[in-house]
Amino acid sequence: MIYGRYIRSPPVISTETASPEPAAAKAYHVLEHMIVTLELAPASFVTEGALIEKLALGRTPVREAIQRLAWEGLLDVRPRAGIAIAPLHPGDWLRVLDARRGVEVVLARSAARFVTREAADLFHEAALAMQKAVISGNVLAFIQADKALDEALAMAADNPFAARLAAPLQTHSRRFWFRYKADTGLAESAEHHVALIRSILAGDEEAAAKDAKRLMALLRGHAEIATTR
């Protein structure tokens with residue numbers, strides 16, 4: 001249990017009222033996960049047709065997802081040559097984190113100020129999923145929990161400008177972490193994430209900002225090591 005202003009009770013989920021995820025959003029999330037977890041290998045090529053066949057979600061949703069991922073720098077659409085998956089250069093991880101640090105502090109402060117019960121529930125669920133992933137050593141589940149935490153942070157912060165800036169940087173950062181640190185970094189990363197969640201749920205803006213900085217410092221330390229390999 002993560003304690004704060006909002007103590008989570010088990011949510012009641014109605015399958016009758018739950019709306020399905022739009023096809024374009026689902027295509028985006030699936031492709032993003034494939035890129036982050038290197039199922040789509042860095043610097044490799046794939047065709048639009050192959051992705052449409054693999055996802056089985058239709059041409060238009062997949063094309064929309066491809067366009068969004070290209071804008072975020074994860075794909076490079078090359079006419080008559082196919083779609084290039086973004087390469088992974090260790091030094092770029094440092095650049096991503098340098099760009100990400102400031103906006104993460106903004107989001108953390110704002111989330112602590114404006115967090116709602118709905119966002120608090122999402123934070124609780126992400127923290128629980130992250131802790132379960134650590135116990136089981138399930139890196140893929142950890143990656144999904146980290147994505148869920150970032151989405152909860154975006155909702156709680158009530159700052160769409162900062163959230164839109166942060167989202168692609170968070171995705172790039174997850175991809176680098178999966179490549180260079182996933183084999184040993186679960187417990188330590190979870191500890192820093194949960195500390196951030198606690199500060200946000202407690203409504204402590206200063207503590208949330210400090211925890212966001214600590215998390216970015218941890219990731220930057222990993223990135224600095226990766227550049228020396």
# chains A, B, ... in the order shown; residues from 1 in each chain; ligands from 1
call {"tool": "residues_around", "arguments": {"residues": "range 128-130 of chain A", "least_positions_apart": "6", "cutoff": "8 Å", "atoms": "only C-alpha atoms", "output": "PDB file with all heavy atoms, in the first residue's frame"}}
result
ATOM      1  N   MET A   1       0.853  -1.197   0.000  1.00  0.00           N
ATOM      2  CA  MET A   1       0.000   0.000   0.000  1.00  0.00           C
ATOM      3  C   MET A   1       0.882   1.237   0.000  1.00  0.00           C
ATOM      4  O   MET A   1       1.824   1.331   0.770  1.00  0.00           O
ATOM      5  CB  MET A   1      -0.903  -0.018   1.226  1.00  0.00           C
ATOM      6  CG  MET A   1      -1.791   1.193   1.343  1.00  0.00           C
ATOM      7  SD  MET A   1      -3.033   1.273   0.032  1.00  0.00           S
ATOM      8  CE  MET A   1      -4.094  -0.100   0.514  1.00  0.00           C
ATOM      9  N   ALA A 141       7.101  -6.782 -17.725  1.00  0.00           N
ATOM     10  CA  ALA A 141       6.042  -6.246 -16.871  1.00  0.00           C
ATOM     11  C   ALA A 141       6.492  -4.947 -16.217  1.00  0.00           C
ATOM     12  O   ALA A 141       5.694  -4.012 -16.027  1.00  0.00           O
ATOM     13  CB  ALA A 141       5.663  -7.268 -15.803  1.00  0.00           C
ATOM     14  N   PHE A 142       7.762  -4.854 -15.880  1.00  0.00           N
ATOM     15  CA  PHE A 142       8.303  -3.637 -15.279  1.00  0.00           C
ATOM     16  C   PHE A 142       8.215  -2.475 -16.268  1.00  0.00           C
ATOM     17  O   PHE A 142       7.837  -1.355 -15.902  1.00  0.00           O
ATOM     18  CB  PHE A 142       9.752  -3.853 -14.848  1.00  0.00           C
ATOM     19  CG  PHE A 142      10.328  -2.718 -14.050  1.00  0.00           C
ATOM     20  CD1 PHE A 142      10.257  -2.706 -12.678  1.00  0.00           C
ATOM     21  CD2 PHE A 142      10.938  -1.654 -14.693  1.00  0.00           C
ATOM     22  CE1 PHE A 142      10.778  -1.652 -11.935  1.00  0.00           C
ATOM     23  CE2 PHE A 142      11.464  -0.591 -13.973  1.00  0.00           C
ATOM     24  CZ  PHE A 142      11.386  -0.594 -12.593  1.00  0.00           C
ATOM     25  N   ALA A 145       4.722  -1.298 -16.412  1.00  0.00           N
ATOM     26  CA  ALA A 145       4.378  -0.551 -15.204  1.00  0.00           C
ATOM     27  C   ALA A 145       4.982   0.849 -15.242  1.00  0.00           C
ATOM     28  O   ALA A 145       4.356   1.822 -14.806  1.00  0.00           O
ATOM     29  CB  ALA A 145       4.856  -1.302 -13.968  1.00  0.00           C
ATOM     30  N   ASP A 146       6.192   0.953 -15.756  1.00  0.00           N
ATOM     31  CA  ASP A 146       6.837   2.254 -15.868  1.00  0.00           C
ATOM     32  C   ASP A 146       6.072   3.163 -16.832  1.00  0.00           C
ATOM     33  O   ASP A 146       5.891   4.353 -16.575  1.00  0.00           O
ATOM     34  CB  ASP A 146       8.276   2.066 -16.352  1.00  0.00           C
ATOM     35  CG  ASP A 146       9.043   3.367 -16.379  1.00  0.00           C
ATOM     36  OD1 ASP A 146       9.298   3.926 -15.300  1.00  0.00           O
ATOM     37  OD2 ASP A 146       9.396   3.835 -17.482  1.00  0.00           O
ATOM     38  N   ALA A 190      12.758   0.662  -9.133  1.00  0.00           N
ATOM     39  CA  ALA A 190      11.446   0.633  -8.488  1.00  0.00           C
ATOM     40  C   ALA A 190      11.448   1.454  -7.205  1.00  0.00           C
ATOM     41  O   ALA A 190      10.490   2.190  -6.918  1.00  0.00           O
ATOM     42  CB  ALA A 190      11.035  -0.800  -8.191  1.00  0.00           C
TER      43      ALA A 190
END
call {"tool": "residues_around", "arguments": {"residues": "Thr227 in chain A", "least_positions_apart": "6", "cutoff": "10 Å", "atoms": "only C-alpha atoms", "output": "list of chain:residue names"}}
result
A:His89, A:Pro90, A:Gly91, A:Asp92, A:Trp93, A:Leu94, A:Tyr180
call {"tool": "select_by_dssp", "arguments": {"residues": "range 83-117 of chain A", "states": "alpha helix (DSSP H)", "output": "list in words"}}
result
Pro90, Gly91, Asp92, Trp93, Leu94, Arg95, Val96, Leu97, Asp98, Ala99, Arg100, Arg101, Gly102, Val103, Glu104, Val105, Val106, Leu107, Ala108, Arg109, Ser110, Ala111, Ala112, Arg113, Phe114 and Arg117 of chain A
call {"tool": "select_by_dssp", "arguments": {"residues": "range 39-224 of chain A", "states": "strand (DSSP E or B)", "output": "PyMOL selection string"}}
result
chain A and resi 45-46+75-78+82-85
call {"tool": "write_last_selection", "arguments": {"atoms": "all heavy atoms", "output": "PDB file, in the first residue's frame"}}
result
ATOM      1  N   PHE A  45      15.229  -2.590 -40.567  1.00  0.00           N
ATOM      2  CA  PHE A  45      14.188  -2.080 -41.456  1.00  0.00           C
ATOM      3  C   PHE A  45      12.978  -3.000 -41.427  1.00  0.00           C
ATOM      4  O   PHE A  45      13.107  -4.211 -41.254  1.00  0.00           O
ATOM      5  CB  PHE A  45      14.703  -1.976 -42.897  1.00  0.00           C
ATOM      6  CG  PHE A  45      15.525  -0.751 -43.157  1.00  0.00           C
ATOM      7  CD1 PHE A  45      16.874  -0.724 -42.805  1.00  0.00           C
ATOM      8  CD2 PHE A  45      14.966   0.368 -43.732  1.00  0.00           C
ATOM      9  CE1 PHE A  45      17.644   0.401 -43.038  1.00  0.00           C
ATOM     10  CE2 PHE A  45      15.724   1.505 -43.971  1.00  0.00           C
ATOM     11  CZ  PHE A  45      17.074   1.528 -43.624  1.00  0.00           C
ATOM     12  N   VAL A  46      11.810  -2.396 -41.598  1.00  0.00           N
ATOM     13  CA  VAL A  46      10.566  -3.154 -41.653  1.00  0.00           C
ATOM     14  C   VAL A  46       9.660  -2.455 -42.668  1.00  0.00           C
ATOM     15  O   VAL A  46       9.847  -1.257 -42.940  1.00  0.00           O
ATOM     16  CB  VAL A  46       9.900  -3.217 -40.260  1.00  0.00           C
ATOM     17  CG1 VAL A  46       9.408  -1.847 -39.818  1.00  0.00           C
ATOM     18  CG2 VAL A  46       8.774  -4.232 -40.238  1.00  0.00           C
ATOM     19  N   LEU A  75      10.974   6.059 -35.290  1.00  0.00           N
ATOM     20  CA  LEU A  75      10.946   5.471 -36.623  1.00  0.00           C
ATOM     21  C   LEU A  75      11.362   6.529 -37.638  1.00  0.00           C
ATOM     22  O   LEU A  75      11.199   7.724 -37.410  1.00  0.00           O
ATOM     23  CB  LEU A  75       9.540   4.963 -36.976  1.00  0.00           C
ATOM     24  CG  LEU A  75       8.922   3.853 -36.124  1.00  0.00           C
ATOM     25  CD1 LEU A  75       7.509   3.559 -36.601  1.00  0.00           C
ATOM     26  CD2 LEU A  75       9.770   2.589 -36.166  1.00  0.00           C
ATOM     27  N   ASP A  76      11.867   6.051 -38.771  1.00  0.00           N
ATOM     28  CA  ASP A  76      12.213   6.939 -39.872  1.00  0.00           C
ATOM     29  C   ASP A  76      11.613   6.344 -41.140  1.00  0.00           C
ATOM     30  O   ASP A  76      12.065   5.291 -41.609  1.00  0.00           O
ATOM     31  CB  ASP A  76      13.736   7.061 -40.001  1.00  0.00           C
ATOM     32  CG  ASP A  76      14.146   8.038 -41.104  1.00  0.00           C
ATOM     33  OD1 ASP A  76      13.270   8.755 -41.617  1.00  0.00           O
ATOM     34  OD2 ASP A  76      15.340   8.056 -41.458  1.00  0.00           O
ATOM     35  N   VAL A  77      10.574   6.988 -41.637  1.00  0.00           N
ATOM     36  CA  VAL A  77       9.889   6.486 -42.825  1.00  0.00           C
ATOM     37  C   VAL A  77      10.666   6.941 -44.059  1.00  0.00           C
ATOM     38  O   VAL A  77      10.806   8.145 -44.306  1.00  0.00           O
ATOM     39  CB  VAL A  77       8.436   6.997 -42.893  1.00  0.00           C
ATOM     40  CG1 VAL A  77       7.738   6.453 -44.133  1.00  0.00           C
ATOM     41  CG2 VAL A  77       7.675   6.594 -41.631  1.00  0.00           C
ATOM     42  N   ARG A  78      11.145   5.972 -44.852  1.00  0.00           N
ATOM     43  CA  ARG A  78      11.945   6.277 -46.028  1.00  0.00           C
ATOM     44  C   ARG A  78      11.230   5.765 -47.270  1.00  0.00           C
ATOM     45  O   ARG A  78      11.113   4.544 -47.462  1.00  0.00           O
ATOM     46  CB  ARG A  78      13.324   5.633 -45.908  1.00  0.00           C
ATOM     47  CG  ARG A  78      14.085   6.083 -44.666  1.00  0.00           C
ATOM     48  CD  ARG A  78      15.432   5.427 -44.536  1.00  0.00           C
ATOM     49  NE  ARG A  78      16.099   5.825 -43.302  1.00  0.00           N
ATOM     50  CZ  ARG A  78      17.304   5.381 -42.926  1.00  0.00           C
ATOM     51  NH1 ARG A  78      17.962   4.526 -43.718  1.00  0.00           N
ATOM     52  NH2 ARG A  78      17.839   5.781 -41.786  1.00  0.00           N
ATOM     53  N   GLY A  82      11.456   1.622 -47.053  1.00  0.00           N
ATOM     54  CA  GLY A  82      10.860   0.994 -45.876  1.00  0.00           C
ATOM     55  C   GLY A  82      10.902   1.898 -44.667  1.00  0.00           C
ATOM     56  O   GLY A  82      11.081   3.116 -44.777  1.00  0.00           O
ATOM     57  N   ILE A  83      10.739   1.310 -43.508  1.00  0.00           N
ATOM     58  CA  ILE A  83      10.718   2.046 -42.246  1.00  0.00           C
ATOM     59  C   ILE A  83      11.922   1.622 -41.420  1.00  0.00           C
ATOM     60  O   ILE A  83      12.096   0.436 -41.108  1.00  0.00           O
ATOM     61  CB  ILE A  83       9.419   1.756 -41.471  1.00  0.00           C
ATOM     62  CG1 ILE A  83       8.205   2.169 -42.319  1.00  0.00           C
ATOM     63  CG2 ILE A  83       9.415   2.480 -40.133  1.00  0.00           C
ATOM     64  CD1 ILE A  83       6.894   1.664 -41.762  1.00  0.00           C
ATOM     65  N   ALA A  84      12.762   2.591 -41.089  1.00  0.00           N
ATOM     66  CA  ALA A  84      13.955   2.307 -40.293  1.00  0.00           C
ATOM     67  C   ALA A  84      13.647   2.498 -38.818  1.00  0.00           C
ATOM     68  O   ALA A  84      13.062   3.507 -38.421  1.00  0.00           O
ATOM     69  CB  ALA A  84      15.101   3.216 -40.708  1.00  0.00           C
ATOM     70  N   ILE A  85      14.031   1.515 -38.021  1.00  0.00           N
ATOM     71  CA  ILE A  85      13.909   1.637 -36.563  1.00  0.00           C
ATOM     72  C   ILE A  85      15.079   2.475 -36.067  1.00  0.00           C
ATOM     73  O   ILE A  85      16.223   2.270 -36.492  1.00  0.00           O
ATOM     74  CB  ILE A  85      13.921   0.251 -35.885  1.00  0.00           C
ATOM     75  CG1 ILE A  85      12.968  -0.717 -36.598  1.00  0.00           C
ATOM     76  CG2 ILE A  85      13.582   0.392 -34.415  1.00  0.00           C
ATOM     77  CD1 ILE A  85      11.540  -0.256 -36.693  1.00  0.00           C
TER      78      ILE A  85
END
call {"tool": "closest_atom_pairs", "arguments": {"of": "range 92-185 of chain A", "to": "range 200-212 of chain A", "cutoff": "6 Å", "atoms": "only C-alpha atoms", "output": "Markdown table"}}
result
| residue | atom | partner | partner_atom | distance |
| --- | --- | --- | --- | --- |
| A:Val105 | CA | A:Ala209 | CA | 5.0 |
| A:Ala108 | CA | A:Ala208 | CA | 5.5 |
| A:Arg109 | CA | A:Glu205 | CA | 4.6 |
| A:Ala112 | CA | A:Ile200 | CA | 4.1 |
| A:Arg113 | CA | A:Gly203 | CA | 5.8 |
call {"tool": "closest_residue", "arguments": {"among": "A:Ala81, A:Ala56, A:Leu165, A:Ala226", "to": "Arg179 in chain A", "atoms": "only C-alpha atoms"}}
result
A:Ala226
call {"tool": "closest_residue", "arguments": {"among": "A:Arg229, A:Asp121, A:Thr47, A:Asp183", "to": "Arg80 in chain A", "atoms": "only C-alpha atoms"}}
result
A:Thr47
call {"tool": "closest_atom_pairs", "arguments": {"of": "range 128-174 of chain A", "to": "range 63-71 of chain A", "cutoff": "12 Å", "atoms": "only C-alpha atoms", "output": "JSON lines"}}
result
{"residue": "A:Arg164", "atom": "CA", "partner": "A:Trp71", "partner_atom": "CA", "distance": 12.0}
{"residue": "A:Leu165", "atom": "CA", "partner": "A:Trp71", "partner_atom": "CA", "distance": 11.9}
{"residue": "A:Ala167", "atom": "CA", "partner": "A:Leu69", "partner_atom": "CA", "distance": 11.2}
{"residue": "A:Pro168", "atom": "CA", "partner": "A:Leu69", "partner_atom": "CA", "distance": 8.6}
{"residue": "A:Leu169", "atom": "CA", "partner": "A:Leu69", "partner_atom": "CA", "distance": 11.8}
{"residue": "A:Thr171", "atom": "CA", "partner": "A:Leu69", "partner_atom": "CA", "distance": 10.1}
{"residue": "A:His172", "atom": "CA", "partner": "A:Leu69", "partner_atom": "CA", "distance": 10.8}
call {"tool": "write_last_selection", "arguments": {"atoms": "N, CA, C and O atoms", "output": "PDB file, in the first residue's frame"}}
result
ATOM      1  N   ARG A 164       3.174  16.362 -23.097  1.00  0.00           N
ATOM      2  CA  ARG A 164       3.479  16.054 -24.495  1.00  0.00           C
ATOM      3  C   ARG A 164       4.972  16.154 -24.775  1.00  0.00           C
ATOM      4  O   ARG A 164       5.494  15.432 -25.627  1.00  0.00           O
ATOM      5  N   LEU A 165       5.631  17.055 -24.086  1.00  0.00           N
ATOM      6  CA  LEU A 165       7.081  17.175 -24.232  1.00  0.00           C
ATOM      7  C   LEU A 165       7.792  15.973 -23.616  1.00  0.00           C
ATOM      8  O   LEU A 165       8.769  15.448 -24.168  1.00  0.00           O
ATOM      9  N   ALA A 167       6.576  12.816 -22.949  1.00  0.00           N
ATOM     10  CA  ALA A 167       6.223  11.461 -23.380  1.00  0.00           C
ATOM     11  C   ALA A 167       7.247  10.805 -24.303  1.00  0.00           C
ATOM     12  O   ALA A 167       7.695   9.682 -24.042  1.00  0.00           O
ATOM     13  N   PRO A 168       7.676  11.441 -25.395  1.00  0.00           N
ATOM     14  CA  PRO A 168       8.665  10.778 -26.255  1.00  0.00           C
ATOM     15  C   PRO A 168      10.018  10.603 -25.580  1.00  0.00           C
ATOM     16  O   PRO A 168      10.712   9.611 -25.820  1.00  0.00           O
ATOM     17  N   LEU A 169      10.396  11.543 -24.720  1.00  0.00           N
ATOM     18  CA  LEU A 169      11.658  11.411 -23.993  1.00  0.00           C
ATOM     19  C   LEU A 169      11.600  10.217 -23.040  1.00  0.00           C
ATOM     20  O   LEU A 169      12.578   9.484 -22.869  1.00  0.00           O
ATOM     21  N   THR A 171       9.796   7.542 -23.485  1.00  0.00           N
ATOM     22  CA  THR A 171       9.861   6.326 -24.302  1.00  0.00           C
ATOM     23  C   THR A 171      11.297   6.024 -24.720  1.00  0.00           C
ATOM     24  O   THR A 171      11.761   4.881 -24.619  1.00  0.00           O
ATOM     25  N   HIS A 172      12.004   7.039 -25.200  1.00  0.00           N
ATOM     26  CA  HIS A 172      13.405   6.837 -25.568  1.00  0.00           C
ATOM     27  C   HIS A 172      14.213   6.344 -24.367  1.00  0.00           C
ATOM     28  O   HIS A 172      15.052   5.445 -24.488  1.00  0.00           O
TER      29      HIS A 172
END
call {"tool": "residues_around", "arguments": {"residues": "Ala157 in chain A", "least_positions_apart": "3", "cutoff": "6 Å", "atoms": "only C-alpha atoms", "output": "list in words"}}
result
Leu107, Ser110, Ala111, Leu153 and Ala154 of chain A
call {"tool": "atom_distance", "arguments": {"atom1": "CA of Pro160 in chain A", "atom2": "CA of Val62 in chain A"}}
result
24.2 Å
call {"tool": "residues_around", "arguments": {"residues": "Ala166 in chain A", "least_positions_apart": "4", "cutoff": "9 Å", "atoms": "only C-alpha atoms", "output": "VMD selection string"}}
result
chain A and resid 99 to 100 103 to 104 107 150 154 161 to 162 170 to 171
call {"tool": "write_last_selection", "arguments": {"atoms": "C-alpha atoms", "output": "CSV table (one decimal), in the first residue's frame"}}
result
chain,number,residue,atom,x,y,z
A,99,ALA,CA,16.4,17.1,-22.0
A,100,ARG,CA,14.0,15.1,-19.8
A,103,VAL,CA,10.2,18.6,-17.5
A,104,GLU,CA,10.1,15.7,-15.1
A,107,LEU,CA,5.4,17.3,-13.9
A,150,ASP,CA,4.3,8.0,-16.7
A,154,ALA,CA,0.8,13.1,-17.1
A,161,PHE,CA,2.2,20.9,-22.7
A,162,ALA,CA,4.7,19.4,-20.3
A,170,GLN,CA,10.3,8.9,-21.5
A,171,THR,CA,9.9,6.3,-24.3
